[in-house]
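Visitor: Pasting a structure below so you can have a look.
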Amino acid sequence: MRIRFAKAFKMTRTIRLSILLLLVPIALAAQSGVWGLRGISQRFLVDGNFIIDIDGAGFSVYDVSAPDTVRRLSRIETSDESIDGSISGNDLVVSTRSAIERYTIQTDGSAVQTMHAPVTGVSMIAWNGTFVAGRTPSGILIWRPAGDGTLANIGTYPTTGTIKSMAWKGDALFVAIADIGIKIVDGNTSQEIGYIPEPSRSLAISGNILYSASGGDGVAVIDISNPAAPVMAGRTLAGILNLQNIAVAGTRVFAEEPPNRIHIVDASSATAPHEVAAMTEPAQAMAAAGDRLFVSGPTFTAFGDISDNGSPLRVFNLANPATPALAAEVDDANGALAGVATNGSLAYVSDPPFFRVLDVSTTQTPREIASLRIDGFQPHVKSMGTQVILYGTGDVQLIDLSDPYHPKAVKTFHSLGRTPSYADFVATGILEGNSFTGLHLVDFVNYPQPGIVNSFKIHPIDIVADGGHWAYVSLGALFGVFNYPAPNVGVWVRSIGFSALDMAFAPGTSHHPDALIARDDGLHVFTLTDPANPIETGSITMPPPGPLAAFGDSILIGSPGTLTRMDITDLGNPFLDATTMHVVAPQQMATANGKVVVADRYSIRVFGPQTTAPPPPPPSRRRAATHP
């Protein structure tokens with residue numbers, strides 16, 4: 001049943017899951033392709049000479065048996081984004097956005113799946129070979145895997161505190177809870193059996209000793225020979241640090257102070273632990289075994305922006321802990337794919353430090369045809385004709401794609417702002433905005449360096465335009481309508497009282513005029529019949545979260561697991577349809593000529609029909625022979 005909107009009551013339409021998809025390209029979405037698959041290291045687990053990397057796309061298994069070499073033996077994609085993992089022997093448990101999965105790691109590094117139990121909302125897990133503990137918004141759930149591949153619910157330990165870390169010793173679960181301390185829970189009964197008043201951020205257990213990274217209280221060493229009666233044994237590095245992560249190999253402890261300081265502690269004497277060395281190395285993922293430390297992580301600017309993605313895995317030899325030495329690393333893509341634009345045949349990808357051009361005309365086999373190394377780190381992309389802009393951290397970089405096989409960096413505009421920043425094309429230049437330095441109309445043509453020719457001291461949180469004379473700028477509690485009628489001219493026309501968190505421009509079709517889609521807790525449709533006066537015509541409550549992209553008579557909504565289509569054929573009666581387009585973690589989407597391209601964090605995903613192939617590359621020029 002359809003409910004038509006009554007404007008006086010602003011009635012919203014409920015979600016309809018359509019069996020017959022109304023757009024041909026979406027009906028053909030079984031045609032799909034993937035480019036640039038990579039993981040982003042989140043947690044390292046040790047299984048003998050194997051390092052298992054829980055990396056968002058699933059997990060990878062690395063062989064680190066040779067002291068100066070790392071080999072990836074297998075890469076396993078999970079159907080949804082992998083969040084966390086825990087291992088007992090070679091028995092691996094992985095939590096994803098939609099399930100808890102179990103694998104056996106074989107001696108050759110391959111993995112055999114033995115369980116897929118649908119479970120949502122689990123953002124951290126700990127596994128001891130008997131029980132699986134999962135962090136949820138309301139506390140901890142404890143399961144026992146059954147022989148038939150299901151999970152039997154054993155019990156619940158509720159808490160409203162923020163759970164920072166979990167670790168098992170036998171059947172006792174140690175839980176670090178922010179501002180509360182370490183609770184000790186019996187896995188058999190889910191009852192609390194002990195408490196340690198320690199401000200722990202991260203836990204690691206080796207033998208009968210629990211090690212805690214305790215923020216400004218340093219590294220705590222706690223004897224848990226009797227889990228119900230823990231005894232504080234020693235402490236080091238208190239008072240001067242903010243330790244947030246910890247790894248242990250025997251009695252050697254590695255405590256990380258974000259973003260990139262690792263302190264190496266000798267805890268062979270539990271009562272007198274002491275620092276023996278420190279190293280500067282990003283370690284958002286960290287594990288240790290024997291004389292080796294395994295780390296991965298990006299580096300950041302002073303403003304908290306990523307400046308280098310780093311490597312998926314770096315191995316340090318600590319035979320002499322006072323002088324850690326890099327022994328091996330993995331040379332592979334490790335950064336999030338957060339930006340993409342397309343003209344239907346080509347896709348333009350931000351893959352810092354590279355800008356890449358892909359041929360996506362054959363949906364199933366997208367291929368790279370050009371790349372350009374660019375200084376700076378701009379995650380997002382928009383295109384107009386043969387021009388592309390990269391933006392997101394305060395700068396705007398203009399790329400010339402007159403020859404897509406040889407992209408050229410034209411100029412860079414420095415707004416002096418910070419993340420997040422936004423940009424789009426208007427008829428008279430490029431519009432850039434950020435909450436720190438305002439909204440700027442930038443001329444990339446008539447000055448040696450891009451020049452601001454019009455500006456407003458406001459605080460943009462999104463910008464939508466379409467290469468014309470109108471732009472719509474979200475400012476939090478309202479969005480502004482701006483007109484750019486001539487070079488160097490910008491006019492604030494009016495404000496609309498609406499909290500637009502993000503927006504999308506939908507060009508007019510034979511069924512509807514130009515439209516603006518804006519999200520708060522719902523999706524709201526504004527007609528742009530008069531571009532100076534957006535008027536809301538309809539809305540949908542409780543839509544899926546995620547980025548938006550216009551698609552003819554539709555808006556695509558990217559959310560973990562799938563793309564959802566909002567039909568806007570009738571602007572007064574939008575409704576939602578399911579699609580068959582599977583995604584993992586969409587960051588930005590683009591559509592053109594029936595093609596849908598998604599920057600899906602761990603890959604570029606392409607959907608839709610085959611499109612016109614790009615022209616072949618120009619013939620290379622051969623230098624004429626010369627004669628003496």
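Chain identifiers are assigned as A, B, and so on, following the order in which chains appear in the structure tokens; residues are numbered from 1 within each chain, and ligands are numbered from 1 in order of appearance.
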Can you pull out every residue within 6 Å of stretch 323-337 of chain A, counting only C-alpha atoms, but drop anything in the same chain fewer than 6 positions away, and send it as a list in words?
Guide: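 So, after excluding close chain neighbours, the residues are Ile40, Asp68, Thr69, Asn309, Ser311, Pro312, Leu313, Arg314, Val315, Phe316, Asn317, Asp351, Ala599 and Arg601 of chain A.
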Visitor: If you count only C-alpha atoms, which residues fall within 6 Å of A:Leu528, apart from same-chain ones fewer than 6 positions away, as a ChimeraX atom specification?
Guide: /A:514-515,534
Visitor: Take the residues from that selection and write them out as an mmCIF file, in the first residue's frame, keeping C-alpha atoms.
Guide:
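And here's selection.cif as it stands now:
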data_model
loop_
_atom_site.group_PDB
_atom_site.id
_atom_site.type_symbol
_atom_site.label_atom_id
_atom_site.label_comp_id
_atom_site.auth_asym_id
_atom_site.auth_seq_id
_atom_site.Cartn_x
_atom_site.Cartn_y
_atom_site.Cartn_z
ATOM 1 C CA ASP A 514 15.697 19.440 -10.376
ATOM 2 C CA ALA A 515 15.540 18.347 -6.756
ATOM 3 C CA PRO A 534 13.529 25.109 -2.423
#
Visitor: Find the spatial neighbours of A:Val453, counting only C-alpha atoms, within a cut-off of 10 Å - ignore same-chain residues fewer than 4 positions away - and output them as number ranges by chain.
Guide: A: 429, 440-443, 487-490
Visitor: Which polymer residues have any atom within 9 Å of an atom of A:Gly194, counting only C-alpha atoms, with same-chain residues fewer than 4 positions away left out, as a list in words?
Guide: Ile182, Lys183, Ile184, Val185, Pro227, Ala228, Ala229 and Pro230 of chain A
Visitor: Okay, now the selection with N, CA and C atoms, as a tab-separated table (two decimals), in the first residue's frame?
Guide:
chain	number	residue	atom	x	y	z
A	182	ILE	N	38.62	-2.82	36.17
A	182	ILE	CA	38.64	-4.13	35.53
A	182	ILE	C	37.71	-5.05	36.30
A	183	LYS	N	36.65	-5.50	35.63
A	183	LYS	CA	35.72	-6.46	36.22
A	183	LYS	C	36.15	-7.86	35.77
A	184	ILE	N	35.99	-8.84	36.68
A	184	ILE	CA	36.32	-10.23	36.38
A	184	ILE	C	35.03	-11.02	36.40
A	185	VAL	N	34.74	-11.69	35.27
A	185	VAL	CA	33.46	-12.34	35.07
A	185	VAL	C	33.68	-13.83	34.84
A	227	PRO	N	42.27	-15.87	39.74
A	227	PRO	CA	41.53	-14.79	39.08
A	227	PRO	C	40.55	-14.07	40.00
A	228	ALA	N	40.05	-14.77	41.00
A	228	ALA	CA	39.08	-14.14	41.90
A	228	ALA	C	39.76	-13.26	42.94
A	229	ALA	N	41.09	-13.37	43.06
A	229	ALA	CA	41.82	-12.58	44.05
A	229	ALA	C	43.10	-12.02	43.45
A	230	PRO	N	42.99	-11.10	42.49
A	230	PRO	CA	44.17	-10.54	41.83
A	230	PRO	C	45.01	-9.72	42.81
Visitor: Determine, counting only C-alpha atoms, which protein, DNA and RNA residues have an atom within 10 Å of an atom of stretch 233-244 of chain A; residues of the same chain fewer than 2 positions away are not included. Present the result as a ChimeraX atom specification.
Guide: /A:164,200-203,209-224,230-231,246,255-259,261-263,265-267,269-275,284
Visitor: I need the residues from that last selection saved to file as a compact mmCIF listing (two decimals), in the first residue's frame (with C-alpha atoms), if you can.
Guide:
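What follows is the written file again_4.txt:
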# COMPACT_ATOMS: atom_id res chain seq x y z
CA LYS A 164 37.74 -0.86 26.31
CA SER A 200 42.75 0.19 32.11
CA ARG A 201 42.49 1.02 28.40
CA SER A 202 43.90 -2.26 27.09
CA LEU A 203 44.62 -5.69 28.55
CA ILE A 209 50.26 -12.08 34.78
CA LEU A 210 47.83 -9.49 33.46
CA TYR A 211 49.35 -6.36 31.92
CA SER A 212 47.31 -3.19 31.62
CA ALA A 213 47.89 -0.06 29.56
CA SER A 214 46.36 2.36 32.04
CA GLY A 215 46.52 5.78 30.39
CA GLY A 216 48.41 8.22 32.58
CA ASP A 217 48.88 5.52 35.22
CA GLY A 218 51.36 3.73 32.98
CA VAL A 219 51.73 -0.05 32.75
CA ALA A 220 50.29 -2.10 35.60
CA VAL A 221 51.52 -5.65 36.30
CA ILE A 222 48.91 -7.77 38.11
CA ASP A 223 49.24 -11.33 39.42
CA ILE A 224 46.09 -13.28 38.50
CA PRO A 230 44.17 -10.54 41.83
CA VAL A 231 47.25 -8.95 43.39
CA ILE A 246 49.36 -3.11 24.86
CA ALA A 255 52.72 -0.20 25.41
CA GLU A 256 51.59 2.33 22.84
CA GLU A 257 50.98 6.03 23.34
CA PRO A 258 48.97 7.21 20.31
CA PRO A 259 49.59 8.04 17.66
CA ARG A 261 55.10 6.10 20.48
CA ILE A 262 55.82 2.54 21.64
CA HIS A 263 57.43 1.91 25.02
CA VAL A 265 59.15 -2.70 29.06
CA ASP A 266 61.11 -5.51 30.68
CA ALA A 267 58.71 -7.19 33.13
CA SER A 269 60.59 -8.98 37.53
CA ALA A 270 56.87 -8.46 38.09
CA THR A 271 57.60 -6.23 41.07
CA ALA A 272 60.15 -4.07 39.25
CA PRO A 273 59.09 -3.62 35.61
CA HIS A 274 61.07 -0.95 33.79
CA GLU A 275 61.33 0.67 30.37
CA GLN A 284 47.05 1.07 15.78
Visitor: In Å, with one decimal, what is the gap from atom CA of A:Ile193 to atom CA of A:Val248?
Guide: 24.9 Å
Visitor: Env of A:Ala302: 12 Å cut, atoms = only C-alpha atoms, seq-sep filter 2 positions within chain, self excluded. Answer as a ChimeraX atom specification.
Guide: /A:259,299-300,304-307,418-419
Visitor: Do a neighbour search on stretch 353-365 of chain A at 6 Å with only C-alpha atoms, toss out local chain neighbours closer than 5 positions, and write the hits as a list of chain:residue names.
Guide: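 Surrounding residues, per the criterion: A:Ser32, A:Gly33, A:Ser345, A:Leu346, A:Ala347, A:Tyr348, A:Ala370, A:Ser371, A:Leu372, A:Arg373, A:Ile374, A:Val606, A:Gln610, A:Thr611, A:Thr612, A:Ala613.
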Visitor: Looking only at strand (DSSP E) from DSSP on the backbone, list the matching residues of stretch 239-412 of chain A as a PyMOL selection string.
Guide: chain A and resi 245-249+252-257+261-266+274-280+285-289+292-296+299-300+306-308+314-317+325-329+339-342+346-351+354-359+367-373+380-384+387-391+395-400+408-412
Visitor: Show me a table, sorted first by chain and then by increasing residue number, of the residues of stretch 555-585 of chain A having an atom at most 12 Å from stretch 85-100 of chain A, each with its shortest atom pair and the distance in Å to one decimal, counting only C-alpha atoms and written as a Markdown table.
Guide:
| residue | atom | partner | partner_atom | distance |
| --- | --- | --- | --- | --- |
| A:Ser559 | CA | A:Arg97 | CA | 11.4 |
| A:Pro560 | CA | A:Arg97 | CA | 8.0 |
| A:Gly561 | CA | A:Arg97 | CA | 8.5 |
| A:Val584 | CA | A:Arg97 | CA | 9.2 |
| A:Ala585 | CA | A:Arg97 | CA | 10.0 |
Visitor: Counting only C-alpha atoms, which residue out of A:Ser41, A:Gly376, A:Pro609, A:Phe444 sits closest to A:Pro298?
Guide: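 Answer, going by the shortest atom-to-atom distance: A:Ser41.
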Visitor: From the options A:Phe498, A:Tyr484, A:Phe456, A:Tyr62, which residue's atoms come nearest to A:Thr107, counting only C-alpha atoms?
Guide: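 Of A:Phe498, A:Tyr484, A:Phe456, A:Tyr62, the one nearest A:Thr107 is A:Tyr62, counting only C-alpha atoms.
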